[in-house]
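Only one structure is covered here, and it is reproduced in the block below.
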Amino acid sequence: MERREFILASSGYALSALGLPDMDSITRRTKTALPGAVRVGQGEVAAVRHMVKALGDSASELGGGHARHLAVRYLTQDVAPWLEGRFTEATGRDLFAATSQLVHLAGWMAQDEGDTPELRGLAQRYYAHSFRLAAEAGDPELSATALRSLAVQCVDLGYRAEAVQLGEACVEYGRHLDNPRAVAYYEATLANAAAQDDDRRMATKHLALSETAIGKPTAAAGDSWAAHYSPGRWAHESGMILSRLGDLDAAEEHLHLALDIHGLDRRRTRAIVLADLGGVRLRQGDVDGAMATWSEFLDCADGIRSVKVQAALQDMRVRLRRYSGVPEAQELRERAARVTG
């Protein structure tokens with residue numbers, strides 16, 4: 001399938017996720033379990049949550065290309081029979097919510113593994129299914145987080161109008177959550193989609209709403225990715241939105257904030273922020289600063305299996321071609337060619 005055809009098909013599929021799920025599914029399942037169905041309790045729910053954390057920690061450190069097959073195997077061989085099992089309504093809702101997180105993680109891993117039509121389509125189907133599971137579980141935070149991932153994928157594919165529509169949907173789902181970090185997560189998503197759509201007014205408005213939310217005190221982090229949207233992650237995302245809007249000084253300040261004050265100690269995350277900071281510095285005309293930052297990026301990037309890291313490596317190599325007479329630039333290009341992932 002040609003890329004343009006894939007974008008058209010995928011954007012339509014993403015928007016179909018906005019259709020209403022079967023809200024009575026879990027109630028109906030508690031009354032119609034098949035004879036011999038496995039009995040499921042909170043122990044199984046805890047097991048799914050534990051595996052999501054373990055696999056998610058590994059992917060955050062080493063990239064989505066590591067161990068995706070383990071997440072999929074666990075989902076299909078262990079969790080799928082539990083979804084068809086015998087459980088109370090309360091356990092069923094917890095099980096669907098936990099499975100939504102696992103399915104979402106599998107989608108993120110597929111998206112981060114490679115930039116092919118097959119992997120993009122696979123990620124999108126996982127995100128849409130994660131949304132339906134979360135909505136049926138009655139969990140608006142997980143629902144909004146799945147819609148956010150669909151919005152981000154549309155941004156990456158260049159399908160801007162759909163990205164804005166999905167961003168608005170995830171903000172709406174999260175509007176009444178008592179979790180400032182989640183609200184900041186969704187508002188920043190809409191700000192990013194609007195910036196990519198060259199809508200400065202909308203982008204500025206929702207970036208400000210995101211900043212207000214991230215500055216509020218938060219309760220103990222929950223299970224969803226949104227609950228773990230840290231000030232460092234916010235600073236990185238905001239920096240790239242500001243870069244898109246042309247405010248490079250503010251963008252650099254936010255990226256420094258992410259790296260130096262809020263840490264971001266996961267290697268994959270830190271590598272991506274360093275790559276972005278190098279790009280911002282180059283656009284500012286600070287060639288030496290860009291090359292120093294990209295040198296740190298290469299130190300972090302080796303061994304990470306992530307399409308974003310690979311794209312950043314390629315972007316850096318291309319941008320350094322114009323400095324072919326600078327020994328430091330040639331050295332960086334040669335180092336980048338040796339990075340494995």
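A note on labels: chains of the structure tokens are A, B, ... as shown, every chain counts residues from 1, and ligands are counted from 1 in their shown order.
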- Excluding His256 of chain A and residues on its chain fewer than 5 positions from it, collect all residues at most 9 Å away from it, counting only C-alpha atoms, and give them as a list in words. Ala235, His236, Ala251, Ile261 and Leu277 of chain A
Selection above as a file: C-alpha atoms, as a PDB file, in the first residue's frame:
ATOM      1  CA  ALA A 235       9.017  20.056  29.655  1.00  0.00           C
ATOM      2  CA  HIS A 236      10.255  17.953  26.723  1.00  0.00           C
ATOM      3  CA  ALA A 251      12.218  25.573  23.455  1.00  0.00           C
ATOM      4  CA  ILE A 261      16.308  19.586  36.573  1.00  0.00           C
ATOM      5  CA  LEU A 277      18.020  19.720  21.886  1.00  0.00           C
TER       6      LEU A 277
END
- Task: Pick out the residues sitting within 10 Å of segment 334-341 of chain A, and hand them over as a PyMOL selection string; count only C-alpha atoms, and ignore anything fewer than 5 positions along from it in its own chain.
- Result: chain A and resi 62-63+65-66+294-295+297-307+309-310+313-314+316-317+328-329
- Message: I'd like the contact shell of Thr269 of chain A - 8 Å cut-off, only C-alpha atoms, skipping same-chain residues fewer than 4 positions apart - returned as a count of residues only.
- Response: 5
- Task: Identify all residues of segment 189-253 of chain A in helix (DSSP H, G or I) (DSSP on the backbone) and supply them as a ChimeraX atom specification.
- Result: /A:189-196,200-214,226-228,231-244,248-253
Resulting file, chosen residues, N, CA and C atoms, as a compact mmCIF listing (two decimals), in the first residue's frame:
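Listed below is the output, result00.txt:
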# COMPACT_ATOMS: atom_id res chain seq x y z
N THR A 189 -1.20 17.20 24.39
CA THR A 189 -1.45 16.46 23.15
C THR A 189 -2.20 17.32 22.15
N LEU A 190 -3.25 18.00 22.62
CA LEU A 190 -4.02 18.86 21.73
C LEU A 190 -3.18 20.06 21.27
N ALA A 191 -2.36 20.61 22.17
CA ALA A 191 -1.48 21.71 21.79
C ALA A 191 -0.52 21.28 20.69
N ASN A 192 0.03 20.06 20.80
CA ASN A 192 0.95 19.55 19.80
C ASN A 192 0.25 19.36 18.45
N ALA A 193 -0.94 18.78 18.48
CA ALA A 193 -1.69 18.58 17.24
C ALA A 193 -2.01 19.92 16.59
N ALA A 194 -2.41 20.91 17.39
CA ALA A 194 -2.73 22.23 16.85
C ALA A 194 -1.49 22.91 16.27
N ALA A 195 -0.34 22.75 16.95
CA ALA A 195 0.90 23.34 16.43
C ALA A 195 1.27 22.72 15.10
N GLN A 196 1.12 21.40 14.98
CA GLN A 196 1.39 20.75 13.70
C GLN A 196 0.43 21.20 12.62
N ARG A 200 -1.73 28.49 15.70
CA ARG A 200 -1.00 29.06 16.83
C ARG A 200 -1.92 29.40 18.00
N ARG A 201 -3.09 29.93 17.71
CA ARG A 201 -3.99 30.32 18.80
C ARG A 201 -4.39 29.11 19.63
N MET A 202 -4.83 28.04 18.98
CA MET A 202 -5.24 26.85 19.72
C MET A 202 -4.04 26.22 20.44
N ALA A 203 -2.91 26.16 19.77
CA ALA A 203 -1.73 25.55 20.38
C ALA A 203 -1.31 26.31 21.63
N THR A 204 -1.29 27.63 21.55
CA THR A 204 -0.88 28.45 22.70
C THR A 204 -1.85 28.31 23.84
N LYS A 205 -3.14 28.29 23.53
CA LYS A 205 -4.17 28.16 24.56
C LYS A 205 -4.01 26.85 25.33
N HIS A 206 -3.88 25.76 24.62
CA HIS A 206 -3.86 24.46 25.30
C HIS A 206 -2.49 24.16 25.91
N LEU A 207 -1.43 24.77 25.39
CA LEU A 207 -0.14 24.65 26.06
C LEU A 207 -0.18 25.35 27.41
N ALA A 208 -0.84 26.50 27.47
CA ALA A 208 -0.98 27.22 28.75
C ALA A 208 -1.83 26.42 29.73
N LEU A 209 -2.90 25.80 29.24
CA LEU A 209 -3.73 24.96 30.12
C LEU A 209 -2.92 23.77 30.64
N SER A 210 -2.08 23.22 29.79
CA SER A 210 -1.23 22.11 30.20
C SER A 210 -0.24 22.55 31.27
N GLU A 211 0.35 23.73 31.07
CA GLU A 211 1.32 24.24 32.05
C GLU A 211 0.66 24.49 33.41
N THR A 212 -0.56 25.02 33.39
CA THR A 212 -1.28 25.24 34.64
C THR A 212 -1.52 23.92 35.36
N ALA A 213 -1.90 22.90 34.60
CA ALA A 213 -2.21 21.61 35.21
C ALA A 213 -0.97 20.93 35.77
N ILE A 214 0.15 20.98 35.03
CA ILE A 214 1.35 20.27 35.49
C ILE A 214 1.92 20.93 36.73
N ALA A 226 -0.71 8.22 31.83
CA ALA A 226 -1.02 9.63 32.08
C ALA A 226 -0.67 10.02 33.50
N ALA A 227 -0.91 9.12 34.44
CA ALA A 227 -0.62 9.43 35.84
C ALA A 227 0.87 9.60 36.08
N HIS A 228 1.68 9.06 35.19
CA HIS A 228 3.13 9.17 35.33
C HIS A 228 3.73 10.21 34.39
N PRO A 231 6.83 16.22 35.27
CA PRO A 231 7.23 17.55 34.80
C PRO A 231 8.34 17.50 33.75
N GLY A 232 9.23 16.50 33.85
CA GLY A 232 10.28 16.37 32.85
C GLY A 232 9.73 16.02 31.49
N ARG A 233 8.80 15.07 31.43
CA ARG A 233 8.19 14.71 30.16
C ARG A 233 7.39 15.89 29.60
N TRP A 234 6.71 16.61 30.50
CA TRP A 234 5.97 17.79 30.05
C TRP A 234 6.93 18.83 29.47
N ALA A 235 8.06 19.06 30.13
CA ALA A 235 9.02 20.06 29.65
C ALA A 235 9.54 19.68 28.27
N HIS A 236 9.79 18.39 28.04
CA HIS A 236 10.25 17.95 26.72
C HIS A 236 9.19 18.20 25.66
N GLU A 237 7.98 17.73 25.93
CA GLU A 237 6.92 17.90 24.93
C GLU A 237 6.63 19.37 24.67
N SER A 238 6.60 20.17 25.73
CA SER A 238 6.35 21.60 25.57
C SER A 238 7.47 22.27 24.78
N GLY A 239 8.71 21.85 25.03
CA GLY A 239 9.83 22.40 24.29
C GLY A 239 9.69 22.17 22.80
N MET A 240 9.23 20.99 22.40
CA MET A 240 9.10 20.70 20.98
C MET A 240 7.90 21.43 20.37
N ILE A 241 6.85 21.65 21.16
CA ILE A 241 5.73 22.47 20.67
C ILE A 241 6.20 23.90 20.44
N LEU A 242 6.96 24.44 21.38
CA LEU A 242 7.48 25.80 21.25
C LEU A 242 8.43 25.91 20.06
N SER A 243 9.21 24.86 19.83
CA SER A 243 10.09 24.83 18.67
C SER A 243 9.27 24.91 17.38
N ARG A 244 8.20 24.15 17.33
CA ARG A 244 7.32 24.17 16.17
C ARG A 244 6.72 25.56 15.96
N LEU A 248 12.47 29.42 19.67
CA LEU A 248 13.59 28.51 19.91
C LEU A 248 14.24 28.73 21.26
N ASP A 249 14.29 29.97 21.74
CA ASP A 249 14.89 30.22 23.05
C ASP A 249 14.09 29.53 24.14
N ALA A 250 12.76 29.65 24.08
CA ALA A 250 11.91 28.99 25.08
C ALA A 250 11.99 27.47 24.92
N ALA A 251 12.10 27.01 23.68
CA ALA A 251 12.22 25.57 23.46
C ALA A 251 13.48 25.03 24.10
N GLU A 252 14.61 25.72 23.90
CA GLU A 252 15.87 25.27 24.50
C GLU A 252 15.77 25.28 26.02
N GLU A 253 15.15 26.30 26.58
CA GLU A 253 15.00 26.38 28.04
C GLU A 253 14.21 25.20 28.57
